Structures are given as structure tokens and as C-alpha cells.
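Here is the structure we will look at.
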Amino acid sequence: MQNIPPKTIVFITGAFVGNNCWDEWQRYYGQHGYQTMAPAWPHKNASPEVLRNSHPNTEIASMRLPALIDHYASIVKALPEKPILIGHSIGGLIVQLLLQEGLGALGIAIHSVPPQGIITFKLSFLKAGWGPLGFFTPAGKSFLMSFKQWQYAFTNGMSCDEQKEAYYKFAIPESKLIVRDTITKAASIKFENPHAPLLLTSGSADHTIPASLNYANYRKYRHSNSVTDYKEFEGRNHFVLGQSTWKQDADYILEWIGKQAK
């Protein structure tokens with residue numbers, strides 16, 4: 001008998017952007033018969049413009065990774081079926097952490113922040129991440145990317161007009177602590193443990209999370225004896241969800257989900 005994939009998708013947002021980054025994805029997947037939801041992070045249930053105007057925001061600044069994982073775990077546990085989890089950046093890391101706890105039927109990690117212990121010294125990664133980590137700056141103050149930082153870390157390769165439109169539509173302040181938590185045991189994965197099918201995707205033009213980092217993440221699962229797949233897309237930057245090519249990525253993921261029916 002064939003296993004039918006679930007029809008519920010939980011989209012998990014990454015750092016620095018509002019959950020409205022999933023709006024087009026929700027509409028598109030809804031057209032393919034899926035029930036979707038893209039819950040906001042705690043203290044971020046407002047428009048990006050409102051959140052930017054709240055900067056510096058002490059509530060956002062106080063957020064930590066364990067609390068964010070618990071936030072999404074409680075949402076998933078309340079659903080009538082194990083959902084498909086699709087996350088971007090830190091959201092991709094959370095997908096991996098939730099799968100480790102058996103809380104998803106399938107997982108897709110798009111340009112995922114890697115779990116603890118996977119790092120690169122590639123210049124673009126260090127340059128893009130230095131500001132958000134906020135070393136030598138007050139941890140109690142939220143971090144908001146400047147437009148120049150946004151151009152490098154998220155929308156490199158796009159026209160200036162496209163970069164500006166994306167910044168004002170999606171960019172929000174972030175917690176420096178939650179970024180720092182991604183290199184601690186809060187982001188630890190037992191890679192050899194069995195897990196639900198997992199797809200990791202990357203982009204050749206991503207400055208924030210270079211493709212080599214996502215591939216290293218994928219390779220860590222090689223002894224798990226569970227389905228783990230990897231796909232690198234040419235020309236994708238860290239703004240992958242909003243690039244003009246996003247439907248190609250979404251279609252590839254839909255096809256991969258369908259292949260998990262056995």
C-alpha cells in the first residue's frame with residue numbers, strides 16, 4: 001500500500017525577514033492542494049514596516065533559539081497530522097531540529113543555517129555574518145541590517161530597484177542572541193540517528209550560507225540510513241524565496257515530496 005504524504009505544510013521563517021516572505025509560496029502550494037501556515041516568530045506578529053519602526057526592540061532582542069524551537073514544536077504538536085516542514089535559513093535549522101524530535105513527516109531545509117560544529121571560513125560567510133552576530137555590541141539591542149548589508153547578505157546579484165523593494169517589504173530587526181545560539185549546543189544534531197526524509201537545498205550565489213556549507217551539512221547525515229537528499233540551484237542568493245526563480249525551487253520541492261510516497 002502506498003504511503004500518502006501529508007497535505008499540511010508548516011513554513012518556518014528565517015532571521016531578518018518577516019513571515020510574509022512565504023506569501024507567494026503559500027498561495028502556490030495551496031493551489032496544489034496543500035493546507036499551509038507560516039506562523040510568525042514570537043514578538044514578530046506585525047508587518048515588517050511596523051517591526052522596523054520598533055527598532056531597537058527589547059522583546060525581539062531577548063529571543064533565544066531554544067524558545068524559538070519550542071514555539072514551533074508546540075504549533076506542530078497541535079496539528080491533527082505530522083506536517084511537512086519547510087524552513088529557510090534558521091528556519092531550515094529548526095526543520096532539522098524538529099525532525100530529530102520526530103515532529104515532522106518530511107523536512108525541507110532551504111539554504112539552512114548549519115547545525116553546531118559545521119562552519120566555513122569563506123570570506124562571504126564571515127562578512128555577511130559579522131554584523132548580525134553583533135560581537136562587542138549590546139546584546140539587549142536588536143539588530144537591523146542596513147540597506148548596504150542587505151544588498152550583500154541577501155540580495156546580491158539583483159538590480160538596485162529589486163533590492164530596495166525587497167528590503168522595505170521584508171527586512172525586520174533581529175535578535176543577536178538567537179544568531180549566536182546557532183553555534184552552540186542548542187543547535188546540536190545527532191546526525192547518525194534515523195530521521196524523516198530530509199531535503200537540503202542551496203544556492204551557488206548565497207553569501208550568507210554558501211552552498212559548500214549546506215553540502216557539508218548534507219554529508220553529516222551519510223551514516224543515518226535515512227532518506228537525505230541535496231540540491232544546489234545555480235544563481236540563488238539568500239533571498240531565494242523571493243527571487244524571480246522561486247517557482248522553479250518550489251516545483252522541485254513539490255516533486256521531491258511526491259517521490260517520498262512509497
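So you can find residues: chains in the C-alpha cells are A, B, ... in the order shown, residues in each start at 1, and ligands are numbered from 1 in order.
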
- Query: Quick one: residues within 12 Å of range 151-164 of chain A, only C-alpha atoms counted, chain neighbours fewer than 4 positions away excluded, as a PyMOL selection string?
  - Reply: chain A and resi 14-17+89+111+123-132+145-147+168-171+203-210+235-245

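Residue nearest Tyr29 in chain A within the list A:Ala73, A:Ala261, A:Val95, A:Ile253: A:Ile253 [criterion: smallest interatomic distance, only C-alpha atoms].
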
With distances taken over only C-alpha atoms, the candidate from A:Ala139, A:Ile172, A:Leu133, A:Ile75 nearest Val50 in chain A is A:Ile172

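Considering only C-alpha atoms, the residue among A:Asn20, A:Gln149, A:Gln96, A:Thr228 positioned nearest to Pro114 in chain A is A:Gln96.
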
### Query
So which residues touch Leu99 in chain A within 12 Å, counting only C-alpha atoms, skipping near sequence neighbours fewer than 4 positions away, as JSON, numbers by chain?
{"A": [69, 72, 73, 76, 82, 83, 84, 85, 86, 87, 92, 93, 94, 95, 103, 104, 105, 106, 107, 108, 109, 189, 190, 191, 193, 194, 195, 196, 197, 198, 199, 226, 228]}

For the residues selected in the previous step, produce a file with N, CA, C and O atoms as a short mmCIF file (atom, residue, chain, number, x, y, z; two decimals), in the first residue's frame.
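The file below, part21.cif, is the result:
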```cif
data_model
loop_
_atom_site.label_atom_id
_atom_site.label_comp_id
_atom_site.auth_asym_id
_atom_site.auth_seq_id
_atom_site.Cartn_x
_atom_site.Cartn_y
_atom_site.Cartn_z
N ILE A 69 12.56 27.17 19.02
CA ILE A 69 12.30 25.76 18.70
C ILE A 69 11.03 25.29 19.41
O ILE A 69 10.17 24.64 18.81
N TYR A 72 7.80 26.58 17.68
CA TYR A 72 7.36 25.83 16.50
C TYR A 72 6.97 24.40 16.85
O TYR A 72 6.04 23.84 16.26
N ALA A 73 7.64 23.81 17.83
CA ALA A 73 7.28 22.46 18.26
C ALA A 73 5.85 22.42 18.78
O ALA A 73 5.08 21.49 18.47
N VAL A 76 3.41 22.55 15.84
CA VAL A 76 3.37 21.28 15.11
C VAL A 76 2.62 20.22 15.90
O VAL A 76 1.81 19.46 15.35
N LYS A 82 1.19 14.80 11.39
CA LYS A 82 2.55 15.31 11.26
C LYS A 82 2.65 16.05 9.94
O LYS A 82 2.37 15.49 8.88
N PRO A 83 3.09 17.29 9.95
CA PRO A 83 3.12 18.06 8.72
C PRO A 83 4.43 17.90 7.95
O PRO A 83 5.41 17.34 8.44
N ILE A 84 4.43 18.45 6.76
CA ILE A 84 5.66 18.71 6.01
C ILE A 84 6.22 20.01 6.56
O ILE A 84 5.50 21.00 6.70
N LEU A 85 7.49 20.02 6.88
CA LEU A 85 8.15 21.22 7.41
C LEU A 85 9.06 21.80 6.33
O LEU A 85 9.92 21.09 5.79
N ILE A 86 8.88 23.07 6.03
CA ILE A 86 9.73 23.75 5.05
C ILE A 86 10.27 25.01 5.71
O ILE A 86 9.50 25.89 6.10
N GLY A 87 11.59 25.09 5.85
CA GLY A 87 12.18 26.23 6.52
C GLY A 87 13.32 26.83 5.74
O GLY A 87 14.02 26.14 4.99
N GLY A 92 15.48 26.58 8.38
CA GLY A 92 15.97 25.28 7.92
C GLY A 92 16.65 24.51 9.03
O GLY A 92 16.53 23.27 9.12
N LEU A 93 17.38 25.21 9.87
CA LEU A 93 17.97 24.57 11.05
C LEU A 93 16.88 24.04 11.97
O LEU A 93 16.97 22.91 12.48
N ILE A 94 15.82 24.83 12.18
CA ILE A 94 14.73 24.39 13.04
C ILE A 94 14.03 23.17 12.45
O ILE A 94 13.64 22.26 13.18
N VAL A 95 13.91 23.11 11.13
CA VAL A 95 13.36 21.91 10.49
C VAL A 95 14.18 20.69 10.89
O VAL A 95 13.63 19.64 11.29
N LEU A 103 9.02 15.25 14.89
CA LEU A 103 7.86 16.13 14.82
C LEU A 103 7.44 16.52 13.40
O LEU A 103 6.59 17.38 13.23
N GLY A 104 8.02 15.91 12.40
CA GLY A 104 7.61 16.19 11.03
C GLY A 104 7.59 14.93 10.19
O GLY A 104 8.35 14.00 10.45
N ALA A 105 6.70 14.88 9.19
CA ALA A 105 6.63 13.73 8.30
C ALA A 105 7.71 13.81 7.23
O ALA A 105 8.26 12.79 6.79
N LEU A 106 8.01 15.03 6.79
CA LEU A 106 9.05 15.31 5.80
C LEU A 106 9.65 16.66 6.16
O LEU A 106 9.00 17.51 6.77
N GLY A 107 10.89 16.89 5.75
CA GLY A 107 11.52 18.17 6.01
C GLY A 107 12.28 18.70 4.81
O GLY A 107 12.96 17.93 4.12
N ILE A 108 12.15 19.99 4.56
CA ILE A 108 12.91 20.66 3.51
C ILE A 108 13.60 21.86 4.14
O ILE A 108 12.95 22.75 4.70
N ALA A 109 14.92 21.88 4.07
CA ALA A 109 15.73 22.96 4.65
C ALA A 109 16.35 23.76 3.51
O ALA A 109 17.26 23.28 2.83
N ILE A 189 22.78 18.47 16.51
CA ILE A 189 22.06 17.39 15.84
C ILE A 189 22.83 16.09 16.01
O ILE A 189 24.06 16.06 15.87
N LYS A 190 22.13 15.00 16.31
CA LYS A 190 22.74 13.66 16.30
C LYS A 190 22.53 13.09 14.89
O LYS A 190 21.52 12.46 14.59
N PHE A 191 23.50 13.35 14.04
CA PHE A 191 23.33 13.08 12.61
C PHE A 191 23.15 11.60 12.29
O PHE A 191 22.54 11.25 11.28
N ASN A 193 21.36 9.45 13.89
CA ASN A 193 20.04 8.95 14.27
C ASN A 193 19.09 8.90 13.07
O ASN A 193 19.18 9.75 12.17
N PRO A 194 18.16 7.96 13.06
CA PRO A 194 17.15 7.93 11.98
C PRO A 194 16.31 9.20 12.01
O PRO A 194 16.08 9.79 13.07
N HIS A 195 15.84 9.60 10.85
CA HIS A 195 15.01 10.80 10.76
C HIS A 195 14.06 10.67 9.57
O HIS A 195 14.27 9.85 8.66
N ALA A 196 13.01 11.47 9.57
CA ALA A 196 12.09 11.51 8.43
C ALA A 196 12.84 12.03 7.21
O ALA A 196 13.87 12.70 7.34
N PRO A 197 12.36 11.73 6.00
CA PRO A 197 13.05 12.20 4.78
C PRO A 197 13.32 13.70 4.82
O PRO A 197 12.47 14.50 5.19
N LEU A 198 14.54 14.05 4.43
CA LEU A 198 15.02 15.43 4.52
C LEU A 198 15.69 15.83 3.21
O LEU A 198 16.53 15.10 2.68
N LEU A 199 15.29 16.98 2.70
CA LEU A 199 15.93 17.59 1.52
C LEU A 199 16.60 18.89 1.94
O LEU A 199 15.96 19.75 2.55
N SER A 226 18.81 7.06 6.64
CA SER A 226 17.51 7.67 6.36
C SER A 226 17.63 8.46 5.06
O SER A 226 18.72 8.85 4.65
N THR A 228 18.09 11.27 2.84
CA THR A 228 18.62 12.63 2.93
C THR A 228 19.10 13.01 1.54
O THR A 228 19.97 12.34 0.98
#
```

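Separating CA of Asn19 in chain A from CA of Ala67 in chain A is a distance of 17.4 Å.
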
Would you please extract all strand (DSSP E or B) residues from range 117-240 of chain A, as assigned by DSSP on the backbone, and give them as a PDB file with C-alpha atoms, in the first residue's frame?
```
ATOM      1  CA  PHE A 143      19.996  44.254  15.096  1.00  0.00           C
ATOM      2  CA  ALA A 171      13.526  43.280   6.314  1.00  0.00           C
ATOM      3  CA  GLU A 174      16.645  40.568  14.757  1.00  0.00           C
ATOM      4  CA  LEU A 198      15.018  15.430   4.522  1.00  0.00           C
ATOM      5  CA  LEU A 199      15.927  17.588   1.525  1.00  0.00           C
ATOM      6  CA  LEU A 200      18.591  20.279   1.840  1.00  0.00           C
ATOM      7  CA  THR A 201      18.844  22.915  -0.883  1.00  0.00           C
ATOM      8  CA  SER A 202      21.499  25.545  -1.511  1.00  0.00           C
ATOM      9  CA  GLY A 203      22.328  28.382  -3.888  1.00  0.00           C
ATOM     10  CA  THR A 228      18.617  12.631   2.932  1.00  0.00           C
ATOM     11  CA  ASP A 229      18.865  14.482  -0.381  1.00  0.00           C
ATOM     12  CA  TYR A 230      20.697  17.562  -1.596  1.00  0.00           C
ATOM     13  CA  LYS A 231      20.159  20.029  -4.447  1.00  0.00           C
ATOM     14  CA  GLU A 232      22.206  23.096  -5.381  1.00  0.00           C
ATOM     15  CA  PHE A 233      20.448  25.723  -7.510  1.00  0.00           C
TER      16      PHE A 233
END
```

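Note that the spacing between CA of Ala40 in chain A and CA of Ala166 in chain A amounts to 18.2 Å.
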
Counting only C-alpha atoms, closest pick from A:Gln26, A:Gln35, A:Thr120, A:Ser212 relative to Lys7 in chain A is A:Gln35

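When only C-alpha atoms are used to measure the gap to Trp150 in chain A, the shortest distance among A:Lys77, A:Pro173, A:Ala61, A:Ala46 belongs to A:Pro173.
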
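Take CA of Ala186 in chain A and CA of His43 in chain A: the distance between them is 20.4 Å.
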
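Nearest to Ala250 in chain A of all the residues A:Pro66, A:Ile110, A:Pro6, A:Gly140 is A:Ile110, based on only C-alpha atoms.
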
Range 177-182 of chain A surroundings by only C-alpha atoms, 6 Å radius, close-in-sequence under 4 positions cut, as a compact mmCIF listing (two decimals) with N, CA and C atoms, in the first residue's frame:
```txt
# COMPACT_ATOMS: atom_id res chain seq x y z
N ARG A 64 15.70 33.68 22.14
CA ARG A 64 16.77 32.68 22.10
C ARG A 64 16.31 31.48 21.27
N LEU A 65 17.27 30.74 20.74
CA LEU A 65 16.95 29.62 19.87
C LEU A 65 16.11 28.53 20.56
N LEU A 133 25.89 38.83 14.21
CA LEU A 133 26.39 38.26 15.46
C LEU A 133 26.58 39.35 16.51
N ALA A 187 21.89 24.10 18.99
CA ALA A 187 21.74 23.75 17.57
C ALA A 187 22.38 22.40 17.26
```
